[in-house]
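*Asks:* File follows, entry.tsv with TSV, C-alpha atoms (C1' of nucleotides):
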```
chain	number	residue	atom	x	y	z
A	1	MET	CA	-12.54	-8.80	-17.58
A	2	ILE	CA	-10.99	-5.53	-16.59
A	3	LEU	CA	-12.86	-3.60	-13.91
A	4	SER	CA	-14.94	-0.73	-15.27
A	5	ARG	CA	-14.64	2.87	-14.12
A	6	ASN	CA	-18.08	2.56	-12.53
A	7	PHE	CA	-16.62	-0.04	-10.17
A	8	TYR	CA	-14.52	2.74	-8.64
A	9	LYS	CA	-17.21	5.42	-8.72
A	10	ARG	CA	-18.80	4.17	-5.52
A	11	PRO	CA	-18.30	4.70	-1.80
A	12	VAL	CA	-14.63	4.05	-1.16
A	13	GLN	CA	-15.30	1.53	1.63
A	14	THR	CA	-17.38	-0.55	-0.78
A	15	VAL	CA	-14.65	-0.44	-3.38
A	16	ALA	CA	-11.98	-1.43	-0.86
A	17	ARG	CA	-13.98	-4.44	0.32
A	18	GLU	CA	-14.82	-5.59	-3.21
A	19	LEU	CA	-11.24	-5.21	-4.40
A	20	LEU	CA	-10.35	-8.25	-2.29
A	21	GLY	CA	-9.76	-11.18	-4.63
A	22	LYS	CA	-9.42	-8.95	-7.68
A	23	ARG	CA	-6.43	-9.45	-9.92
A	24	LEU	CA	-3.76	-6.75	-10.03
A	25	VAL	CA	-1.82	-7.02	-13.31
A	26	ARG	CA	1.52	-5.35	-14.03
A	27	GLN	CA	2.93	-5.40	-17.57
A	28	ILE	CA	6.52	-4.42	-18.25
A	29	GLU	CA	7.86	-4.69	-21.77
A	30	GLY	CA	6.29	-8.03	-22.57
A	31	ASN	CA	6.79	-9.43	-19.11
A	32	PHE	CA	3.91	-9.42	-16.72
A	33	ALA	CA	3.07	-10.36	-13.21
A	34	ALA	CA	-0.21	-10.65	-11.36
A	35	GLY	CA	-1.58	-11.24	-7.91
A	36	TYR	CA	-4.87	-11.27	-6.07
A	37	ILE	CA	-5.52	-8.38	-3.74
A	38	VAL	CA	-5.84	-9.64	-0.16
A	39	GLU	CA	-5.56	-6.43	1.89
A	40	ALA	CA	-6.80	-2.88	1.25
A	41	GLU	CA	-7.56	0.30	3.17
A	42	SER	CA	-9.92	3.15	2.32
A	43	TYR	CA	-9.23	6.86	2.75
A	44	ASP	CA	-12.32	8.99	2.48
A	45	GLY	CA	-12.33	12.72	1.84
A	46	GLU	CA	-10.89	15.83	3.44
A	47	GLN	CA	-12.75	15.15	6.70
A	48	ASP	CA	-10.84	11.88	7.15
A	49	GLN	CA	-7.89	12.93	9.28
A	50	ALA	CA	-5.85	9.94	8.11
A	51	CYS	CA	-6.28	10.89	4.47
A	52	HIS	CA	-3.59	12.76	2.57
A	53	ALA	CA	-6.27	15.20	1.48
A	54	ARG	CA	-7.06	16.28	5.07
A	55	CYS	CA	-5.22	19.58	4.52
A	56	GLY	CA	-6.83	20.19	1.17
A	57	ARG	CA	-5.54	19.80	-2.30
A	58	THR	CA	-1.78	19.92	-2.87
A	59	HIS	CA	0.46	19.06	-5.76
A	60	ARG	CA	1.19	15.70	-4.17
A	61	ASN	CA	-2.37	14.54	-3.54
A	62	ALA	CA	-3.99	16.16	-6.59
A	63	MET	CA	-4.54	12.78	-8.21
A	64	MET	CA	-6.94	11.78	-5.41
A	65	TYR	CA	-9.31	14.52	-6.56
A	66	GLY	CA	-9.25	13.27	-10.11
A	67	GLU	CA	-11.06	10.63	-12.09
A	68	ALA	CA	-11.97	7.34	-10.41
A	69	GLY	CA	-10.17	4.28	-11.68
A	70	ARG	CA	-6.75	5.89	-11.85
A	71	ALA	CA	-3.68	5.08	-9.77
A	72	TYR	CA	-2.43	7.43	-7.05
A	73	VAL	CA	1.19	6.48	-6.42
A	74	TYR	CA	3.17	8.38	-3.82
A	75	PHE	CA	6.52	8.18	-2.09
A	76	THR	CA	7.00	8.03	1.67
A	77	TYR	CA	9.50	7.34	4.44
A	78	GLY	CA	12.25	8.43	2.12
A	79	MET	CA	12.30	5.10	0.32
A	80	HIS	CA	8.89	3.55	-0.23
A	81	TRP	CA	6.24	3.79	-2.96
A	82	MET	CA	2.55	3.21	-2.19
A	83	LEU	CA	-0.16	2.20	-4.64
A	84	ASN	CA	-3.72	3.53	-4.36
A	85	CYS	CA	-6.83	3.40	-6.56
A	86	VAL	CA	-8.72	6.67	-6.90
A	87	CYS	CA	-12.42	6.30	-6.06
A	88	GLY	CA	-15.63	8.27	-5.83
A	89	ASN	CA	-16.77	11.21	-7.91
A	90	ASP	CA	-14.50	13.68	-9.66
A	91	GLY	CA	-13.43	16.40	-7.25
A	92	TYR	CA	-13.93	14.26	-4.14
A	93	PRO	CA	-10.64	12.96	-2.70
A	94	ALA	CA	-10.92	9.27	-1.93
A	95	ALA	CA	-8.67	6.31	-2.58
A	96	VAL	CA	-7.99	2.71	-1.64
A	97	LEU	CA	-4.48	1.78	-0.54
A	98	ILE	CA	-3.48	-1.66	-1.84
A	99	ARG	CA	-1.64	-3.17	1.12
A	100	ALA	CA	-0.98	-6.74	0.00
A	101	ILE	CA	-1.44	-9.19	-2.85
A	102	HIS	CA	-1.13	-12.94	-3.26
A	103	PRO	CA	1.25	-13.65	-6.19
A	104	VAL	CA	-0.16	-15.90	-8.91
A	105	GLU	CA	1.79	-15.12	-12.08
A	106	GLY	CA	5.12	-13.61	-13.04
A	107	PHE	CA	7.13	-15.33	-10.33
A	108	ASP	CA	10.37	-14.73	-12.21
A	109	LEU	CA	9.80	-10.99	-12.27
A	110	MET	CA	8.86	-10.80	-8.60
A	111	SER	CA	11.69	-13.02	-7.42
A	112	LYS	CA	14.09	-10.84	-9.41
A	113	ASN	CA	12.81	-7.75	-7.60
A	114	ARG	CA	12.69	-9.42	-4.18
A	115	PRO	CA	15.97	-11.40	-4.18
A	116	GLY	CA	16.63	-13.75	-1.31
A	117	ILE	CA	13.16	-13.32	0.12
A	118	LYS	CA	10.55	-16.03	0.66
A	119	GLU	CA	7.67	-16.01	-1.80
A	120	SER	CA	5.15	-15.53	0.99
A	121	LEU	CA	6.89	-12.28	1.94
A	122	TRP	CA	7.23	-10.80	-1.56
A	123	CYS	CA	4.01	-8.79	-1.54
A	124	ASP	CA	2.66	-8.84	2.03
A	125	GLY	CA	3.10	-5.10	2.61
A	126	PRO	CA	2.23	-1.94	0.67
A	127	ALA	CA	5.85	-1.02	-0.06
A	128	LYS	CA	6.78	-4.63	-0.74
A	129	LEU	CA	4.31	-5.18	-3.53
A	130	THR	CA	5.30	-1.96	-5.28
A	131	LYS	CA	8.90	-3.11	-5.22
A	132	ALA	CA	8.04	-6.60	-6.45
A	133	LEU	CA	6.00	-5.18	-9.33
A	134	GLU	CA	8.27	-2.19	-10.10
A	135	ILE	CA	5.56	0.34	-9.32
A	136	THR	CA	6.96	3.86	-8.89
A	137	GLY	CA	5.87	7.48	-9.32
A	138	GLU	CA	6.08	7.03	-13.06
A	139	LEU	CA	2.75	5.22	-12.81
A	140	ASN	CA	1.03	8.00	-10.86
A	141	GLY	CA	-2.19	8.81	-12.71
A	142	ILE	CA	-2.15	5.72	-14.90
A	143	ASP	CA	-5.59	4.51	-15.95
A	144	LEU	CA	-6.39	1.19	-14.27
A	145	CYS	CA	-9.42	0.73	-16.54
A	146	ASP	CA	-7.47	0.75	-19.81
A	147	PRO	CA	-6.75	-2.75	-21.23
A	148	ILE	CA	-3.39	-1.59	-22.62
A	149	SER	CA	-2.29	0.10	-19.41
A	150	PRO	CA	0.93	-1.20	-17.78
A	151	LEU	CA	-1.02	-1.49	-14.55
A	152	LYS	CA	-4.64	-2.57	-14.31
A	153	ILE	CA	-7.12	-4.52	-12.19
A	154	GLU	CA	-9.26	-7.37	-13.49
A	155	ASP	CA	-11.89	-9.70	-12.13
A	156	GLY	CA	-10.33	-12.36	-9.94
A	157	ILE	CA	-11.62	-14.95	-7.55
A	158	ASP	CA	-14.66	-14.89	-5.31
A	159	ILE	CA	-13.82	-14.20	-1.70
A	160	PRO	CA	-16.46	-15.69	0.61
A	161	VAL	CA	-18.00	-12.88	2.63
A	162	ASN	CA	-17.42	-14.76	5.87
A	163	THR	CA	-13.64	-14.77	5.29
A	164	ILE	CA	-13.41	-10.99	4.97
A	165	GLN	CA	-12.09	-9.28	8.08
A	166	THR	CA	-11.87	-5.62	9.03
A	167	SER	CA	-9.78	-3.57	11.40
A	168	ALA	CA	-8.56	-0.07	12.05
A	169	ARG	CA	-6.07	1.22	9.53
A	170	ILE	CA	-2.36	0.62	9.97
A	171	GLY	CA	0.48	3.11	10.23
A	172	ILE	CA	-1.59	6.19	11.02
A	173	GLN	CA	-0.66	6.47	14.67
A	174	SER	CA	-0.82	10.26	14.96
A	175	THR	CA	-4.36	10.40	13.55
A	176	PRO	CA	-7.05	11.65	15.97
A	177	GLU	CA	-10.22	9.73	16.75
A	178	PRO	CA	-12.65	8.74	15.38
A	179	TRP	CA	-10.55	8.35	12.25
A	180	LEU	CA	-7.88	6.32	13.97
A	181	SER	CA	-10.34	3.55	14.80
A	182	MET	CA	-12.50	3.53	11.72
A	183	PRO	CA	-12.72	-0.12	10.53
A	184	TRP	CA	-11.59	0.77	7.06
A	185	ARG	CA	-8.96	-1.91	6.58
A	186	PHE	CA	-10.26	-4.98	4.76
A	187	PHE	CA	-8.32	-8.21	4.45
A	188	THR	CA	-8.66	-11.90	3.79
A	189	ILE	CA	-6.37	-14.89	3.71
A	190	ILE	CA	-5.69	-17.04	0.67
A	191	PRO	CA	-4.10	-20.39	1.53
A	192	GLU	CA	-0.35	-20.59	1.07
A	193	ASN	CA	-0.64	-23.40	-1.48
A	194	PHE	CA	-3.27	-21.64	-3.58
A	195	LYS	CA	-2.51	-21.42	-7.29
A	196	GLU	CA	-4.70	-20.12	-10.05
A	197	GLN	CA	-6.54	-22.84	-11.92
A	198	VAL	CA	-6.80	-21.81	-15.57
B	1	DT	C1'	8.72	-14.93	18.24
B	2	DC	C1'	8.88	-10.29	19.68
B	3	DT	C1'	10.56	-5.50	20.08
B	4	DT	C1'	13.42	-1.81	18.88
B	5	DC	C1'	15.50	1.14	15.78
B	6	DG	C1'	17.95	3.08	11.69
B	7	DA	C1'	17.41	4.16	6.82
B	8	DT	C1'	16.46	8.15	3.69
B	9	DT	C1'	14.04	11.99	0.86
B	10	DG	C1'	9.87	14.33	-0.98
B	11	DT	C1'	6.50	17.38	0.69
B	12	DC	C1'	4.44	20.78	3.32
B	13	DT	C1'	4.55	24.58	7.01
C	1	DG	C1'	12.82	21.78	9.82
C	2	DA	C1'	9.59	18.18	10.94
C	3	DC	C1'	7.56	14.29	9.61
C	4	DA	C1'	5.72	10.44	6.90
C	5	DA	C1'	-0.63	5.32	4.84
C	6	DT	C1'	7.15	1.29	5.98
C	7	DC	C1'	10.61	-2.25	5.87
C	8	DG	C1'	14.00	-5.24	7.50
C	9	DA	C1'	18.02	-6.08	10.31
C	10	DA	C1'	19.57	-6.92	14.80
C	11	DG	C1'	19.28	-8.22	19.39
C	12	DA	C1'	16.74	-10.03	23.33
C	13	DA	C1'	14.04	-13.75	25.31
```
What is this structure when it is put down as structure tokens?
*Replies:*
Amino acid sequence: MILSRNFYKRPVQTVARELLGKRLVRQIEGNFAAGYIVEAESYDGEQDQACHARCGRTHRNAMMYGEAGRAYVYFTYGMHWMLNCVCGNDGYPAAVLIRAIHPVEGFDLMSKNRPGIKESLWCDGPAKLTKALEITGELNGIDLCDPISPLKIEDGIDIPVNTIQTSARIGIQSTPEPWLSMPWRFFTIIPENFKEQV
DNA sequence: TCTTCGATTGTCT
DNA sequence: GACAATCGAAGAA
């Protein structure tokens, strides 16, 4: 089942934690690929000094203020795309950065986009998974709750609570405390040999 | 295995 | 004009 919009209309930390194990599905002209989310970070409102919305609403971050359950895709470092899920109520800027997934379907598509790279390294970083799944700014604002959307998130596997770990967020070095140390990164580990049983 | 560093461009001040 | 929610190659150990 595809995740409902109400799933995203909750505190962003809750959404980030519960996204672990969910199934990210990318459809491209009949082809599709999917993976289970294994790492996510939450960004929570204008007061969060690590959040793109810390300086208020701009053209770039406008999507974060919009409807929950949509994708916020942005470009950074001159070459990388990042995928986020918009959360919380309309008008409140919050989103979950999808940092890593565990590939389970569409290996041909991902290997095509990540040539010469080991499978375990295809999607183990936020810019890596967007490249493997061909996620770019064209998908900014796409509805993740729509069954016919080219990018959506469905129910996946249960992640035992005791395997979920947290840490400070990554790559936000110039962020002041307490935001720098907020334990808003959630991750788990799915065994290397894990394959979907269906 | 670890650390360092260059790439490269949209966005905001 | 500065910098960015990063990656991957290269070199050292």
*Asks:* Which residues are close to DG10 in chain B, i.e. within 12 Å by all atoms listed in the file, leaving aside same-chain residues fewer than 3 positions away? Reply as a ChimeraX atom specification.
*Replies:* /A:59-60,74-81,137 /C:3-4
*Asks:* Generate a file of the selected residues that holds C-alpha atoms (C1' of nucleotides), formatted as an mmCIF file, in the coordinates of the input.
*Replies:*
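Heads up, here's the output in out.cif:
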```cif
data_model
loop_
_atom_site.group_PDB
_atom_site.id
_atom_site.type_symbol
_atom_site.label_atom_id
_atom_site.label_comp_id
_atom_site.auth_asym_id
_atom_site.auth_seq_id
_atom_site.Cartn_x
_atom_site.Cartn_y
_atom_site.Cartn_z
ATOM 1 C CA HIS A 59 0.460 19.060 -5.760
ATOM 2 C CA ARG A 60 1.190 15.700 -4.170
ATOM 3 C CA TYR A 74 3.170 8.380 -3.820
ATOM 4 C CA PHE A 75 6.520 8.180 -2.090
ATOM 5 C CA THR A 76 7.000 8.030 1.670
ATOM 6 C CA TYR A 77 9.500 7.340 4.440
ATOM 7 C CA GLY A 78 12.250 8.430 2.120
ATOM 8 C CA MET A 79 12.300 5.100 0.320
ATOM 9 C CA HIS A 80 8.890 3.550 -0.230
ATOM 10 C CA TRP A 81 6.240 3.790 -2.960
ATOM 11 C CA GLY A 137 5.870 7.480 -9.320
ATOM 12 C "C1'" DC C 3 7.560 14.290 9.610
ATOM 13 C "C1'" DA C 4 5.720 10.440 6.900
#
```
*Asks:* Using Å and a single decimal, report how far CA of Arg5 in chain A sits from CA of Gly88 in chain A.
*Replies:*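 So the two atoms, CA of Gly88 in chain A and CA of Arg5 in chain A, lie 9.9 Å apart.
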*Asks:* Would you kindly report the residues of chain B within 8 Å of chain A, using all atoms listed in the file, as a short mmCIF file (atom, residue, chain, number, x, y, z; two decimals) with C-alpha atoms (C1' of nucleotides), in the frame of the given file?
*Replies:*
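Writing the result to out.cif gives the following:
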```
data_model
loop_
_atom_site.label_atom_id
_atom_site.label_comp_id
_atom_site.auth_asym_id
_atom_site.auth_seq_id
_atom_site.Cartn_x
_atom_site.Cartn_y
_atom_site.Cartn_z
"C1'" DT B 8 16.46 8.15 3.69
"C1'" DT B 9 14.04 11.99 0.86
"C1'" DG B 10 9.87 14.33 -0.98
"C1'" DT B 11 6.50 17.38 0.69
#
```
*Asks:* Identify which of the residues A:Tyr43, A:Phe187, A:Tyr72, A:Phe107 lies closest to chain C, counting all atoms listed in the file when measuring atom-to-atom distances.
*Replies:*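 Of A:Tyr43, A:Phe187, A:Tyr72, A:Phe107, the one nearest chain C is A:Tyr43, counting all atoms listed in the file.
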*Asks:* I'd like the contact shell of Val12 in chain A - 7 Å cut-off, all atoms listed in the file, skipping same-chain residues fewer than 4 positions apart - returned as a count of residues only.
*Replies:* 8
*Asks:* Using all atoms listed in the file, which of A:Asn140, A:Asn89, A:Asn84, A:Asn162 sits nearest chain C?
*Replies:*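 Counting all atoms listed in the file, the residue closest to chain C is A:Asn84.
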*Asks:* Near chain A, which residues of chain C fall within 8 Å when you count all atoms listed in the file, and what do they look like as a PyMOL selection string?
*Replies:* chain C and resi 4-7
*Asks:* Separation of CA of Met182 in chain A and CA of Tyr92 in chain A, in Å?
*Replies:* 19.2 Å
*Asks:* Could you work out how far CA of Ile135 in chain A lies from CA of Ser111 in chain A, giving the answer in Å with one decimal?
*Replies:*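 Result for CA of Ser111 in chain A versus CA of Ile135 in chain A: 14.8 Å, one decimal.
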*Asks:* Counting all atoms listed in the file, note down every residue that has an atom within 6 Å of the point (-13.0, 0.4, 11.1) (file coordinates), as a PDB file with C-alpha atoms, keeping the file's coordinate frame.
*Replies:*
```
ATOM      1  CA  SER A 167      -9.780  -3.570  11.400  1.00  0.00           C
ATOM      2  CA  ALA A 168      -8.560  -0.070  12.050  1.00  0.00           C
ATOM      3  CA  SER A 181     -10.340   3.550  14.800  1.00  0.00           C
ATOM      4  CA  MET A 182     -12.500   3.530  11.720  1.00  0.00           C
ATOM      5  CA  PRO A 183     -12.720  -0.120  10.530  1.00  0.00           C
ATOM      6  CA  TRP A 184     -11.590   0.770   7.060  1.00  0.00           C
TER       7      TRP A 184
END
```
*Asks:* Do a neighbour search on DT3 in chain B at 12 Å with all atoms listed in the file, toss out local chain neighbours closer than 4 positions, and write the hits as a list in words.
*Replies:* DA10, DG11, DA12 and DA13 of chain C
*Asks:* Return range 71-91 of chain A, completed with N, CA and C atoms, as a short mmCIF file (atom, residue, chain, number, x, y, z; two decimals), in the coordinates of the input.
*Replies:*
```cif
data_model
loop_
_atom_site.label_atom_id
_atom_site.label_comp_id
_atom_site.auth_asym_id
_atom_site.auth_seq_id
_atom_site.Cartn_x
_atom_site.Cartn_y
_atom_site.Cartn_z
N ALA A 71 -4.59 5.42 -10.86
CA ALA A 71 -3.68 5.08 -9.77
C ALA A 71 -3.15 6.35 -9.13
N TYR A 72 -3.10 6.35 -7.80
CA TYR A 72 -2.43 7.43 -7.05
C TYR A 72 -1.22 6.77 -6.40
N VAL A 73 -0.04 7.07 -6.92
CA VAL A 73 1.19 6.48 -6.42
C VAL A 73 2.02 7.56 -5.76
N TYR A 74 2.38 7.36 -4.51
CA TYR A 74 3.17 8.38 -3.82
C TYR A 74 4.34 7.74 -3.08
N PHE A 75 5.27 8.60 -2.71
CA PHE A 75 6.52 8.18 -2.09
C PHE A 75 6.51 8.57 -0.62
N THR A 76 6.98 7.68 0.25
CA THR A 76 7.00 8.03 1.67
C THR A 76 8.17 7.40 2.40
N TYR A 77 8.42 7.82 3.60
CA TYR A 77 9.50 7.34 4.44
C TYR A 77 10.85 7.39 3.74
N GLY A 78 10.96 8.26 2.77
CA GLY A 78 12.25 8.43 2.12
C GLY A 78 12.67 7.31 1.21
N MET A 79 11.86 6.24 1.11
CA MET A 79 12.30 5.10 0.32
C MET A 79 11.18 4.19 -0.19
N HIS A 80 9.96 4.49 0.12
CA HIS A 80 8.89 3.55 -0.23
C HIS A 80 7.82 4.17 -1.13
N TRP A 81 7.36 3.38 -2.11
CA TRP A 81 6.24 3.79 -2.96
C TRP A 81 4.98 3.08 -2.50
N MET A 82 3.84 3.77 -2.57
CA MET A 82 2.55 3.21 -2.19
C MET A 82 1.60 3.29 -3.38
N LEU A 83 0.81 2.24 -3.54
CA LEU A 83 -0.16 2.20 -4.64
C LEU A 83 -1.59 2.35 -4.13
N ASN A 84 -2.30 3.32 -4.69
CA ASN A 84 -3.72 3.53 -4.36
C ASN A 84 -4.56 3.56 -5.63
N CYS A 85 -5.87 3.25 -5.47
CA CYS A 85 -6.83 3.40 -6.56
C CYS A 85 -7.73 4.58 -6.22
N VAL A 86 -7.85 5.52 -7.12
CA VAL A 86 -8.72 6.67 -6.90
C VAL A 86 -10.18 6.22 -7.02
N CYS A 87 -11.01 6.70 -6.08
CA CYS A 87 -12.42 6.30 -6.06
C CYS A 87 -13.33 7.50 -5.96
N GLY A 88 -14.63 7.23 -6.02
CA GLY A 88 -15.63 8.27 -5.83
C GLY A 88 -15.76 9.20 -7.03
N ASN A 89 -16.50 10.28 -6.82
CA ASN A 89 -16.77 11.21 -7.91
C ASN A 89 -15.59 12.15 -8.14
N ASP A 90 -15.53 12.70 -9.35
CA ASP A 90 -14.50 13.68 -9.66
C ASP A 90 -14.59 14.83 -8.65
N GLY A 91 -13.45 15.28 -8.17
CA GLY A 91 -13.43 16.40 -7.25
C GLY A 91 -13.52 16.00 -5.80
#
```
